[in-house]
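Student: Just one file: final-v7.pdb, with PDB, C-alpha atoms and all ligand atoms.
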ATOM      1  CA  MET T   1       0.000   0.000   0.000
ATOM      2  CA  LYS T   2       1.404   3.369  -1.016
ATOM      3  CA  GLU T   3       0.754   5.787   1.839
ATOM      4  CA  VAL T   4      -0.481   8.752  -0.150
ATOM      5  CA  GLY T   5      -2.698  11.620   0.977
ATOM      6  CA  GLU T   6      -4.843  11.703   4.065
ATOM      7  CA  ILE T   7      -7.556   9.644   5.718
ATOM      8  CA  TRP T   8     -10.775  11.135   7.050
ATOM      9  CA  MET T   9     -11.345   9.901  10.598
ATOM     10  CA  ASN T  10     -14.498  11.070  12.342
ATOM     11  CA  GLY T  11     -14.506  14.327  10.450
ATOM     12  CA  THR T  12     -10.797  15.150  10.453
ATOM     13  CA  LEU T  13      -8.224  14.472   7.762
ATOM     14  CA  VAL T  14      -5.153  12.825   9.291
ATOM     15  CA  PRO T  15      -1.928  11.760   7.541
ATOM     16  CA  PHE T  16      -2.282   8.319   5.942
ATOM     17  CA  LYS T  17       0.226   6.648   8.274
ATOM     18  CA  ASP T  18      -1.466   8.021  11.397
ATOM     19  CA  ALA T  19      -4.937   6.590  10.711
ATOM     20  CA  LYS T  20      -4.853   4.006  13.514
ATOM     21  CA  VAL T  21      -7.312   2.291  15.837
ATOM     22  CA  HIS T  22      -6.972   0.662  19.243
ATOM     23  CA  VAL T  23      -6.469  -3.106  19.264
ATOM     24  CA  LEU T  24      -9.596  -3.441  21.416
ATOM     25  CA  THR T  25     -11.773  -1.833  18.755
ATOM     26  CA  HIS T  26     -15.037  -3.796  18.832
ATOM     27  CA  ALA T  27     -15.153  -4.413  15.084
ATOM     28  CA  LEU T  28     -11.718  -6.049  15.097
ATOM     29  CA  HIS T  29     -13.010  -8.744  17.433
ATOM     30  CA  TYR T  30     -16.624  -9.178  16.405
ATOM     31  CA  SER T  31     -16.659  -8.042  12.778
ATOM     32  CA  THR T  32     -19.112  -5.252  13.557
ATOM     33  CA  SER T  33     -18.395  -2.935  10.666
ATOM     34  CA  VAL T  34     -19.933  -1.952   7.358
ATOM     35  CA  PHE T  35     -18.244  -0.392   4.393
ATOM     36  CA  GLU T  36     -18.443   0.790   0.800
ATOM     37  CA  GLY T  37     -16.266   0.408  -2.258
ATOM     38  CA  ILE T  38     -16.448   3.344  -4.666
ATOM     39  CA  ARG T  39     -14.401   4.332  -7.717
ATOM     40  CA  CYS T  40     -13.141   7.676  -8.911
ATOM     41  CA  TYR T  41     -12.350   7.731 -12.631
ATOM     42  CA  ASN T  42      -9.992  10.014 -14.488
ATOM     43  CA  THR T  43     -12.466  11.168 -17.110
ATOM     44  CA  PRO T  44     -11.693  13.627 -19.923
ATOM     45  CA  GLY T  45     -13.669  16.183 -17.855
ATOM     46  CA  GLY T  46     -11.512  15.557 -14.754
ATOM     47  CA  PRO T  47     -11.702  13.088 -11.862
ATOM     48  CA  ALA T  48     -15.261  11.949 -11.212
ATOM     49  CA  ILE T  49     -16.761   9.668  -8.571
ATOM     50  CA  PHE T  50     -19.180   7.083  -9.945
ATOM     51  CA  ARG T  51     -22.669   6.927  -8.400
ATOM     52  CA  LEU T  52     -21.561   8.578  -5.193
ATOM     53  CA  SER T  53     -25.021   9.207  -3.756
ATOM     54  CA  GLU T  54     -26.095   5.592  -4.327
ATOM     55  CA  HIS T  55     -22.982   4.363  -2.518
ATOM     56  CA  VAL T  56     -23.580   6.734   0.391
ATOM     57  CA  ASP T  57     -27.209   5.598   0.572
ATOM     58  CA  ARG T  58     -26.141   1.945   0.675
ATOM     59  CA  PHE T  59     -23.554   2.794   3.366
ATOM     60  CA  TYR T  60     -26.300   4.203   5.582
ATOM     61  CA  LYS T  61     -28.616   1.301   4.838
ATOM     62  CA  SER T  62     -25.858  -1.118   5.900
ATOM     63  CA  ALA T  63     -25.295   0.895   9.085
ATOM     64  CA  LYS T  64     -29.011   0.856   9.877
ATOM     65  CA  LEU T  65     -29.146  -2.921   9.519
ATOM     66  CA  TYR T  66     -26.497  -3.107  12.250
ATOM     67  CA  SER T  67     -28.274  -0.522  14.474
ATOM     68  CA  MET T  68     -25.386   1.879  14.091
ATOM     69  CA  LYS T  69     -25.958   5.410  15.305
ATOM     70  CA  MET T  70     -24.149   7.443  12.676
ATOM     71  CA  ARG T  71     -22.633  10.620  14.100
ATOM     72  CA  PHE T  72     -22.366  12.209  10.665
ATOM     73  CA  THR T  73     -25.044  13.102   8.166
ATOM     74  CA  LYS T  74     -25.012  11.696   4.649
ATOM     75  CA  SER T  75     -23.968  15.099   3.334
ATOM     76  CA  LYS T  76     -21.048  15.284   5.782
ATOM     77  CA  VAL T  77     -19.854  11.841   4.676
ATOM     78  CA  THR T  78     -20.306  12.788   1.010
ATOM     79  CA  GLU T  79     -18.261  15.934   1.613
ATOM     80  CA  GLY T  80     -15.676  13.809   3.487
ATOM     81  CA  ILE T  81     -15.361  11.465   0.498
ATOM     82  CA  ILE T  82     -14.750  14.360  -1.881
ATOM     83  CA  LYS T  83     -12.258  15.989   0.521
ATOM     84  CA  THR T  84     -10.363  12.710   0.940
ATOM     85  CA  VAL T  85     -10.062  12.175  -2.805
ATOM     86  CA  LYS T  86      -8.952  15.766  -3.322
ATOM     87  CA  ALA T  87      -6.368  15.498  -0.530
ATOM     88  CA  SER T  88      -4.943  12.343  -2.126
ATOM     89  CA  ARG T  89      -4.417  14.127  -5.467
ATOM     90  CA  HIS T  90      -5.244  10.804  -7.124
ATOM     91  CA  LYS T  91      -6.976  11.208 -10.421
ATOM     92  CA  GLU T  92      -8.178   7.630 -10.347
ATOM     93  CA  CYS T  93      -8.693   5.779  -7.086
ATOM     94  CA  TYR T  94     -10.671   3.308  -5.011
ATOM     95  CA  ILE T  95     -12.532   4.840  -2.072
ATOM     96  CA  ARG T  96     -13.368   2.972   1.116
ATOM     97  CA  PRO T  97     -15.790   4.492   3.620
ATOM     98  CA  LEU T  98     -15.966   2.368   6.780
ATOM     99  CA  ALA T  99     -18.260   2.580   9.814
ATOM    100  CA  TYR T 100     -17.361   0.450  12.794
ATOM    101  CA  TYR T 101     -18.185  -0.050  16.419
ATOM    102  CA  GLY T 102     -15.119   1.409  18.062
ATOM    103  CA  TYR T 103     -13.067   1.218  21.203
ATOM    104  CA  GLY T 104     -14.934   1.298  24.512
ATOM    105  CA  ALA T 105     -16.690  -1.541  26.238
ATOM    106  CA  MET T 106     -15.361  -4.995  25.461
ATOM    107  CA  GLY T 107     -17.868  -7.809  24.987
ATOM    108  CA  LEU T 108     -20.290  -8.960  22.338
ATOM    109  CA  THR T 109     -22.903  -6.176  22.632
ATOM    110  CA  PRO T 110     -21.671  -3.465  20.280
ATOM    111  CA  THR T 111     -24.249  -0.765  20.858
ATOM    112  CA  GLN T 112     -22.610   0.726  23.943
ATOM    113  CA  ASN T 113     -19.656   1.785  21.808
ATOM    114  CA  LYS T 114     -19.517   4.772  19.513
ATOM    115  CA  VAL T 115     -19.634   4.212  15.783
ATOM    116  CA  ASP T 116     -16.475   5.570  14.216
ATOM    117  CA  VAL T 117     -16.319   6.481  10.558
ATOM    118  CA  SER T 118     -13.291   6.599   8.310
ATOM    119  CA  ILE T 119     -12.834   7.330   4.635
ATOM    120  CA  SER T 120      -9.696   6.167   2.858
ATOM    121  CA  CYS T 121      -8.697   6.116  -0.747
ATOM    122  CA  TRP T 122      -5.820   4.616  -2.615
ATOM    123  CA  GLU T 123      -4.436   4.417  -6.076
ATOM    124  CA  TRP T 124      -6.520   2.235  -8.349
ATOM    125  CA  LYS T 125      -4.584  -0.742  -9.674
ATOM    126  CA  MET T 126      -6.245  -3.394 -11.750
ATOM    127  CA  GLY T 127      -5.290  -6.502  -9.851
ATOM    128  CA  GLU T 128      -7.809  -9.204  -9.223
ATOM    129  CA  SER T 129     -10.129  -7.885 -11.903
ATOM    130  CA  ARG T 130      -7.566  -8.342 -14.671
ATOM    131  CA  ALA T 131      -8.803 -11.837 -15.533
ATOM    132  CA  GLY T 132     -12.138 -11.244 -17.161
ATOM    133  CA  LYS T 133     -11.334  -7.806 -18.429
ATOM    134  CA  PHE T 134      -9.359  -9.002 -21.398
ATOM    135  CA  SER T 135      -9.487 -12.758 -21.723
ATOM    136  CA  GLY T 136     -12.123 -14.290 -19.489
ATOM    137  CA  ALA T 137     -12.096 -15.493 -15.893
ATOM    138  CA  LYS T 138     -12.145 -19.118 -14.843
ATOM    139  CA  CYS T 139     -14.551 -19.569 -11.957
ATOM    140  CA  LYS T 140     -15.102 -22.369  -9.504
ATOM    141  CA  VAL T 141     -18.475 -23.089  -7.965
ATOM    142  CA  SER T 142     -17.539 -22.906  -4.325
ATOM    143  CA  SER T 143     -17.951 -25.695  -1.827
ATOM    144  CA  TRP T 144     -18.729 -22.940   0.691
ATOM    145  CA  VAL T 145     -22.444 -22.187   0.752
ATOM    146  CA  LYS T 146     -23.361 -18.502   0.695
ATOM    147  CA  ILE T 147     -24.638 -17.304   4.048
ATOM    148  CA  ASP T 148     -28.145 -15.918   3.841
ATOM    149  CA  SER T 149     -30.510 -13.479   5.477
ATOM    150  CA  ARG T 150     -31.706 -16.039   7.997
ATOM    151  CA  SER T 151     -28.277 -15.563   9.573
ATOM    152  CA  GLN T 152     -27.254 -12.023   8.693
ATOM    153  CA  PRO T 153     -28.756  -9.136   6.712
ATOM    154  CA  MET T 154     -27.383  -9.776   3.248
ATOM    155  CA  GLN T 155     -28.266  -6.311   1.986
ATOM    156  CA  ALA T 156     -25.753  -4.859   4.427
ATOM    157  CA  LYS T 157     -22.288  -4.557   2.955
ATOM    158  CA  ALA T 158     -20.908  -5.789   6.246
ATOM    159  CA  ALA T 159     -17.418  -7.034   7.008
ATOM    160  CA  SER T 160     -18.886 -10.165   8.564
ATOM    161  CA  ASN T 161     -20.266 -11.289   5.171
ATOM    162  CA  TYR T 162     -16.786 -11.307   3.761
ATOM    163  CA  ALA T 163     -15.343 -14.126   5.871
ATOM    164  CA  ASN T 164     -17.620 -16.451   3.879
ATOM    165  CA  ALA T 165     -16.637 -14.711   0.615
ATOM    166  CA  ALA T 166     -12.924 -14.799   1.428
ATOM    167  CA  LEU T 167     -13.060 -18.560   2.113
ATOM    168  CA  ALA T 168     -14.688 -19.057  -1.282
ATOM    169  CA  ARG T 169     -12.152 -16.788  -3.011
ATOM    170  CA  MET T 170      -9.213 -18.577  -1.357
ATOM    171  CA  GLU T 171     -10.575 -21.984  -2.316
ATOM    172  CA  ALA T 172     -10.979 -20.878  -5.939
ATOM    173  CA  LEU T 173      -7.467 -19.437  -6.145
ATOM    174  CA  ASP T 174      -5.921 -22.469  -4.414
ATOM    175  CA  ASN T 175      -7.506 -24.642  -7.086
ATOM    176  CA  GLY T 176      -6.128 -22.597  -9.948
ATOM    177  CA  TYR T 177      -9.257 -20.535 -10.703
ATOM    178  CA  ASP T 178      -9.617 -16.748 -10.796
ATOM    179  CA  GLU T 179     -12.841 -16.370  -8.875
ATOM    180  CA  ALA T 180     -15.546 -18.227  -6.939
ATOM    181  CA  ILE T 181     -19.246 -18.499  -7.633
ATOM    182  CA  MET T 182     -21.399 -19.068  -4.614
ATOM    183  CA  LEU T 183     -24.579 -21.121  -4.384
ATOM    184  CA  ASN T 184     -27.156 -20.309  -1.744
ATOM    185  CA  SER T 185     -28.502 -22.902   0.670
ATOM    186  CA  HIS T 186     -31.158 -23.885  -1.913
ATOM    187  CA  GLY T 187     -28.466 -24.612  -4.476
ATOM    188  CA  LYS T 188     -29.334 -21.541  -6.599
ATOM    189  CA  ILE T 189     -26.686 -19.186  -7.910
ATOM    190  CA  ALA T 190     -26.215 -16.256  -5.535
ATOM    191  CA  GLU T 191     -23.215 -14.274  -6.846
ATOM    192  CA  GLY T 192     -19.428 -14.230  -7.026
ATOM    193  CA  SER T 193     -17.296 -13.586  -3.970
ATOM    194  CA  ALA T 194     -17.501  -9.833  -4.623
ATOM    195  CA  GLU T 195     -19.513  -9.471  -7.827
ATOM    196  CA  ASN T 196     -23.021 -10.008  -9.127
ATOM    197  CA  ILE T 197     -23.494 -12.446 -11.978
ATOM    198  CA  PHE T 198     -25.404 -12.412 -15.286
ATOM    199  CA  ILE T 199     -25.870 -15.005 -17.998
ATOM    200  CA  VAL T 200     -26.692 -14.546 -21.667
ATOM    201  CA  LYS T 201     -28.688 -17.336 -23.310
ATOM    202  CA  ASP T 202     -30.240 -17.115 -26.776
ATOM    203  CA  GLY T 203     -29.861 -13.328 -26.665
ATOM    204  CA  MET T 204     -31.643 -12.976 -23.291
ATOM    205  CA  ILE T 205     -29.807 -11.512 -20.297
ATOM    206  CA  GLN T 206     -30.691 -12.910 -16.885
ATOM    207  CA  THR T 207     -29.464 -12.318 -13.359
ATOM    208  CA  PRO T 208     -30.497 -13.892 -10.054
ATOM    209  CA  PRO T 209     -33.009 -11.927  -7.968
ATOM    210  CA  LEU T 210     -31.674 -10.306  -4.804
ATOM    211  CA  SER T 211     -33.640 -12.922  -2.864
ATOM    212  CA  ALA T 212     -31.012 -15.428  -4.045
ATOM    213  CA  GLY T 213     -28.634 -13.747  -1.596
ATOM    214  CA  GLY T 214     -26.454 -11.443  -3.683
ATOM    215  CA  LEU T 215     -25.687  -7.865  -2.737
ATOM    216  CA  GLU T 216     -27.759  -5.150  -4.425
ATOM    217  CA  GLY T 217     -24.810  -4.140  -6.579
ATOM    218  CA  ILE T 218     -24.611  -0.621  -7.924
ATOM    219  CA  THR T 219     -22.814  -1.893 -11.027
ATOM    220  CA  ARG T 220     -25.577  -4.515 -11.407
ATOM    221  CA  ASP T 221     -28.125  -1.714 -11.353
ATOM    222  CA  SER T 222     -26.046   0.361 -13.788
ATOM    223  CA  ILE T 223     -25.894  -2.540 -16.257
ATOM    224  CA  ILE T 224     -29.644  -3.142 -15.994
ATOM    225  CA  GLN T 225     -30.268   0.562 -16.679
ATOM    226  CA  ILE T 226     -27.793   0.648 -19.586
ATOM    227  CA  VAL T 227     -29.412  -2.401 -21.192
ATOM    228  CA  GLU T 228     -32.881  -0.876 -20.752
ATOM    229  CA  GLU T 229     -31.794   2.531 -22.084
ATOM    230  CA  ASN T 230     -30.503   0.718 -25.153
ATOM    231  CA  GLY T 231     -33.889  -0.915 -25.669
ATOM    232  CA  GLY T 232     -33.078  -4.311 -24.146
ATOM    233  CA  LEU T 233     -34.198  -6.123 -21.041
ATOM    234  CA  VAL T 234     -32.569  -7.949 -18.145
ATOM    235  CA  THR T 235     -34.802 -10.507 -16.489
ATOM    236  CA  GLU T 236     -34.408 -11.576 -12.883
ATOM    237  CA  GLY T 237     -34.822 -15.254 -12.209
ATOM    238  CA  ASP T 238     -33.239 -17.997 -10.180
ATOM    239  CA  LEU T 239     -30.321 -19.686 -11.885
ATOM    240  CA  GLU T 240     -29.179 -23.254 -11.404
ATOM    241  CA  ARG T 241     -25.629 -24.427 -11.833
ATOM    242  CA  ASP T 242     -26.833 -26.054 -15.103
ATOM    243  CA  ASP T 243     -27.833 -22.616 -16.406
ATOM    244  CA  LEU T 244     -24.247 -21.469 -15.987
ATOM    245  CA  TYR T 245     -22.782 -24.470 -17.785
ATOM    246  CA  ALA T 246     -25.280 -24.081 -20.654
ATOM    247  CA  ALA T 247     -25.006 -20.285 -20.999
ATOM    248  CA  ASP T 248     -23.743 -18.652 -24.185
ATOM    249  CA  GLU T 249     -21.985 -15.956 -22.149
ATOM    250  CA  ILE T 250     -21.471 -15.150 -18.489
ATOM    251  CA  PHE T 251     -20.299 -11.901 -16.991
ATOM    252  CA  MET T 252     -19.894 -10.541 -13.505
ATOM    253  CA  THR T 253     -20.267  -6.974 -12.308
ATOM    254  CA  GLY T 254     -18.838  -4.987  -9.436
ATOM    255  CA  THR T 255     -17.128  -1.737  -8.568
ATOM    256  CA  ALA T 256     -13.724  -3.412  -8.733
ATOM    257  CA  ALA T 257     -14.527  -5.916 -11.489
ATOM    258  CA  GLU T 258     -16.627  -3.517 -13.615
ATOM    259  CA  VAL T 259     -17.884  -5.924 -16.328
ATOM    260  CA  LYS T 260     -15.849  -9.099 -16.231
ATOM    261  CA  SER T 261     -16.207 -11.914 -18.704
ATOM    262  CA  VAL T 262     -16.355 -15.507 -17.429
ATOM    263  CA  THR T 263     -15.279 -18.122 -19.941
ATOM    264  CA  GLN T 264     -14.996 -21.215 -17.787
ATOM    265  CA  ILE T 265     -16.993 -22.570 -14.838
ATOM    266  CA  ASP T 266     -15.395 -25.520 -13.090
ATOM    267  CA  LYS T 267     -14.043 -27.574 -15.999
ATOM    268  CA  VAL T 268     -16.769 -26.442 -18.409
ATOM    269  CA  LYS T 269     -16.060 -23.994 -21.221
ATOM    270  CA  ILE T 270     -18.748 -21.277 -21.522
ATOM    271  CA  GLY T 271     -19.963 -20.700 -25.080
ATOM    272  CA  ASN T 272     -16.976 -20.868 -27.359
ATOM    273  CA  GLY T 273     -14.607 -20.241 -24.449
ATOM    274  CA  ARG T 274     -13.981 -16.614 -25.416
ATOM    275  CA  MET T 275     -15.502 -13.334 -24.315
ATOM    276  CA  GLY T 276     -18.917 -12.996 -25.966
ATOM    277  CA  SER T 277     -20.243 -10.082 -27.993
ATOM    278  CA  VAL T 278     -22.914  -9.033 -25.451
ATOM    279  CA  THR T 279     -20.306  -8.919 -22.669
ATOM    280  CA  ARG T 280     -17.888  -6.988 -24.862
ATOM    281  CA  ALA T 281     -20.581  -4.454 -25.807
ATOM    282  CA  LEU T 282     -21.588  -3.976 -22.164
ATOM    283  CA  GLN T 283     -17.976  -3.525 -21.119
ATOM    284  CA  LYS T 284     -17.740  -0.716 -23.652
ATOM    285  CA  SER T 285     -21.077   0.869 -22.626
ATOM    286  CA  PHE T 286     -20.128   0.724 -18.954
ATOM    287  CA  SER T 287     -16.712   2.185 -19.653
ATOM    288  CA  ASP T 288     -18.346   5.025 -21.628
ATOM    289  CA  ALA T 289     -20.697   5.684 -18.702
ATOM    290  CA  VAL T 290     -17.969   5.845 -16.037
ATOM    291  CA  MET T 291     -15.746   7.959 -18.271
ATOM    292  CA  GLY T 292     -18.481  10.498 -18.944
ATOM    293  CA  LYS T 293     -18.603   9.627 -22.639
ATOM    294  CA  ASP T 294     -22.302   8.803 -22.650
ATOM    295  CA  GLU T 295     -24.365  11.903 -21.934
ATOM    296  CA  ARG T 296     -27.340   9.863 -20.779
ATOM    297  CA  PHE T 297     -25.386   8.718 -17.747
ATOM    298  CA  LEU T 298     -23.598  11.964 -16.843
ATOM    299  CA  PRO T 299     -25.818  12.365 -13.744
ATOM    300  CA  TRP T 300     -24.038   9.280 -12.347
ATOM    301  CA  LEU T 301     -20.802  11.238 -12.082
ATOM    302  CA  THR T 302     -19.719  13.634  -9.340
ATOM    303  CA  PHE T 303     -16.878  15.712 -10.726
ATOM    304  CA  ILE T 304     -14.500  16.753  -7.982
TER     305      ILE T 304
HETATM  306  C1  LIG K 401     -20.576  -9.556  -2.245
HETATM  307  C2  LIG K 401     -20.645  -8.541  -3.312
HETATM  308  N1  LIG K 401     -21.548  -8.670  -4.284
HETATM  309  C3  LIG K 401     -21.656  -7.760  -5.275
HETATM  310  C4  LIG K 401     -20.816  -6.672  -5.334
HETATM  311  C5  LIG K 401     -20.975  -5.675  -6.430
HETATM  312  O1  LIG K 401     -21.494  -4.476  -5.901
HETATM  313  P1  LIG K 401     -21.141  -3.079  -6.538
HETATM  314  O2  LIG K 401     -21.471  -3.175  -7.974
HETATM  315  O3  LIG K 401     -22.012  -2.121  -5.809
HETATM  316  O4  LIG K 401     -19.693  -2.849  -6.306
HETATM  317  C6  LIG K 401     -19.842  -6.497  -4.344
HETATM  318  C7  LIG K 401     -18.934  -5.363  -4.360
HETATM  319  O5  LIG K 401     -19.214  -4.369  -3.740
HETATM  320  C8  LIG K 401     -19.764  -7.449  -3.318
HETATM  321  O6  LIG K 401     -18.842  -7.334  -2.365
END
Translate the structure described by the file into structure tokens.
Tutor:
Amino acid sequence: MKEVGEIWMNGTLVPFKDAKVHVLTHALHYSTSVFEGIRCYNTPGGPAIFRLSEHVDRFYKSAKLYSMKMRFTKSKVTEGIIKTVKASRHKECYIRPLAYYGYGAMGLTPTQNKVDVSISCWEWKMGESRAGKFSGAKCKVSSWVKIDSRSQPMQAKAASNYANAALARMEALDNGYDEAIMLNSHGKIAEGSAENIFIVKDGMIQTPPLSAGGLEGITRDSIIQIVEENGGLVTEGDLERDDLYAADEIFMTGTAAEVKSVTQIDKVKIGNGRMGSVTRALQKSFSDAVMGKDERFLPWLTFI
């Protein structure tokens, strides 16, 4: 990690290296934190944050689902995000707002402790999302079952959800794959470890409903809107593992992944084993949207 710029901690920008917490911070022990992942793009019109208000809204929804009393208003956090990006001088970066039960009482009950909020950003480097961007990712259907809302609120982007996702990701990588696909406890496709999933079959685009256990992805929503604006349709419907194997194309979406092609699931080649034309076209449309090249989607950008 390159220590560049400053980190917003409870309303104050502090030097990157000084953004520290106590080892008895509640969230470190009990996973009681929620967060966001947002991108700032270096567009021809200057750096712009993609769908900032939707990310801030989801951040507050996640906090509510964990009964967090937020000390800062949405507009203060929005302003903090912009200030943090500006202070970093990054033209293109990944932004990570985090709300967590902090240092205070020690024990399972979090609500006696204050909720601390931090906003960090760092240089964007295409790492894990590289596979899928150019060639096509190889995905493994995970042996880890996706946790569901009988156990935890799945529409919270909560740190605790990611232990399950990280186990799936590690298993996939250990077995020579690029990414995991998670089934829910009914055996239906939920999502990737950190992306939503879509299939293309006979020209129809389908994605699992949120009730299958995936996060309400902002990229997922962007793709649905782009397809609809272009006169197409995305249907929501449960997907079986068979549907993946038999698909003509598969792609995944996420803030980090953007639109990522999947060309192999387990040992099965998807379609002709190369990135399909629908995926390629959506990659281009999404890239135009985030780069401010498609006027219809300019309201999604916050120029800083
Ligand atoms: C579990 C999970 N699903 C889906 C997504 C995609 O969501 P978004 O497009 O809002 O980044 C993410 C990433 O945030 C994620 O962590």
Student: Could you report the residues within 8 Å of ligand LIG 401 (chain K), using all atoms listed in the file, as a list of chain:residue names?
Tutor: T:Glu36, T:Gly37, T:Ile38, T:His55, T:Lys157, T:Asn161, T:Tyr162, T:Ala165, T:Glu191, T:Gly192, T:Ser193, T:Ala194, T:Glu195, T:Asn196, T:Gly214, T:Leu215, T:Glu216, T:Gly217, T:Ile218, T:Thr219, T:Arg220, T:Asp221, T:Thr253, T:Gly254, T:Thr255, T:Ala256, T:Ala257, T:Glu258
Student: Apply the PyMOL selection byres (((chain T and resi 261-271) around 6) and not hetatm) to the file shown and report the selected residues as a list in words.
Tutor: Gly132, Gly136, Ala137, Lys138, Cys139, Lys140, Asp248, Glu249, Ile250, Phe251, Lys260, Asn272, Gly273, Arg274 and Met275 of chain T
Student: Distance CA of Thr43 (chain T)-CA of Val85 (chain T), one decimal place?
Tutor: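 Rounded to one decimal, the two atoms are 14.5 Å apart.
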Student: Could you state which residues are captured by the PyMOL selection byres (((chain T and resi 232) around 12) and not hetatm) in this file, as an NGL selection string?
Tutor: :T and (203-206 or 223-231 or 233-235 or 278 or 282)
Student: Carefully work through the PyMOL selection byres (((chain T and resi 73) around 12) and not hetatm) for this structure and note down the residues it includes, as a PDB file with C-alpha atoms, keeping the file's coordinate frame.
Tutor:
ATOM      1  CA  ASN T  10     -14.498  11.070  12.342  1.00  0.00           C
ATOM      2  CA  GLY T  11     -14.506  14.327  10.450  1.00  0.00           C
ATOM      3  CA  VAL T  56     -23.580   6.734   0.391  1.00  0.00           C
ATOM      4  CA  ASP T  57     -27.209   5.598   0.572  1.00  0.00           C
ATOM      5  CA  PHE T  59     -23.554   2.794   3.366  1.00  0.00           C
ATOM      6  CA  TYR T  60     -26.300   4.203   5.582  1.00  0.00           C
ATOM      7  CA  LYS T  69     -25.958   5.410  15.305  1.00  0.00           C
ATOM      8  CA  MET T  70     -24.149   7.443  12.676  1.00  0.00           C
ATOM      9  CA  ARG T  71     -22.633  10.620  14.100  1.00  0.00           C
ATOM     10  CA  PHE T  72     -22.366  12.209  10.665  1.00  0.00           C
ATOM     11  CA  LYS T  74     -25.012  11.696   4.649  1.00  0.00           C
ATOM     12  CA  SER T  75     -23.968  15.099   3.334  1.00  0.00           C
ATOM     13  CA  LYS T  76     -21.048  15.284   5.782  1.00  0.00           C
ATOM     14  CA  VAL T  77     -19.854  11.841   4.676  1.00  0.00           C
ATOM     15  CA  THR T  78     -20.306  12.788   1.010  1.00  0.00           C
ATOM     16  CA  GLU T  79     -18.261  15.934   1.613  1.00  0.00           C
ATOM     17  CA  GLY T  80     -15.676  13.809   3.487  1.00  0.00           C
ATOM     18  CA  VAL T 117     -16.319   6.481  10.558  1.00  0.00           C
TER      19      VAL T 117
END
Student: Which residue out of T:Leu210, T:Ala159, T:Ala247, T:Ile199 has the minimum interatomic distance to Asn184 (chain T) when only C-alpha atoms are used?
Tutor: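 Smallest distance to Asn184 (chain T) is found for T:Leu210.
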Student: Residues within 12 Å of Asp288 (chain T), please, as a list in words. Count only C-alpha atoms; anything in the same chain fewer than 2 positions from it doesn't count.
Tutor: Tyr41, Thr43, Pro44, Phe50, Ser222, Ile223, Ile226, Glu258, Ala281, Leu282, Gln283, Lys284, Ser285, Phe286, Val290, Met291, Gly292, Lys293, Asp294, Glu295, Arg296, Phe297, Leu298, Trp300 and Leu301 of chain T
Student: When you count all atoms listed in the file, which of these residues is closest to Lys125 (chain T): T:His90, T:Ala212, T:Ala105, T:Gln155?
Tutor: T:His90
Student: Here is a test: counting all atoms listed in the file, which residue of T:Ala156, T:Met9, T:Ile304, T:Val141 is nearest to Ile82 (chain T)?
Tutor: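 Smallest distance to Ile82 (chain T) is found for T:Ile304.
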Student: Under the rule that only C-alpha atoms are counted, which of T:Ala19, T:Cys121, T:Leu65, T:Ile7 is the nearest residue to Gln152 (chain T)?
Tutor: T:Leu65
Student: Do you have the CA of Ser160 (chain T)-CA of Ile49 (chain T) distance handy?
Tutor: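 CA of Ile49 (chain T) lies 26.3 Å from CA of Ser160 (chain T).
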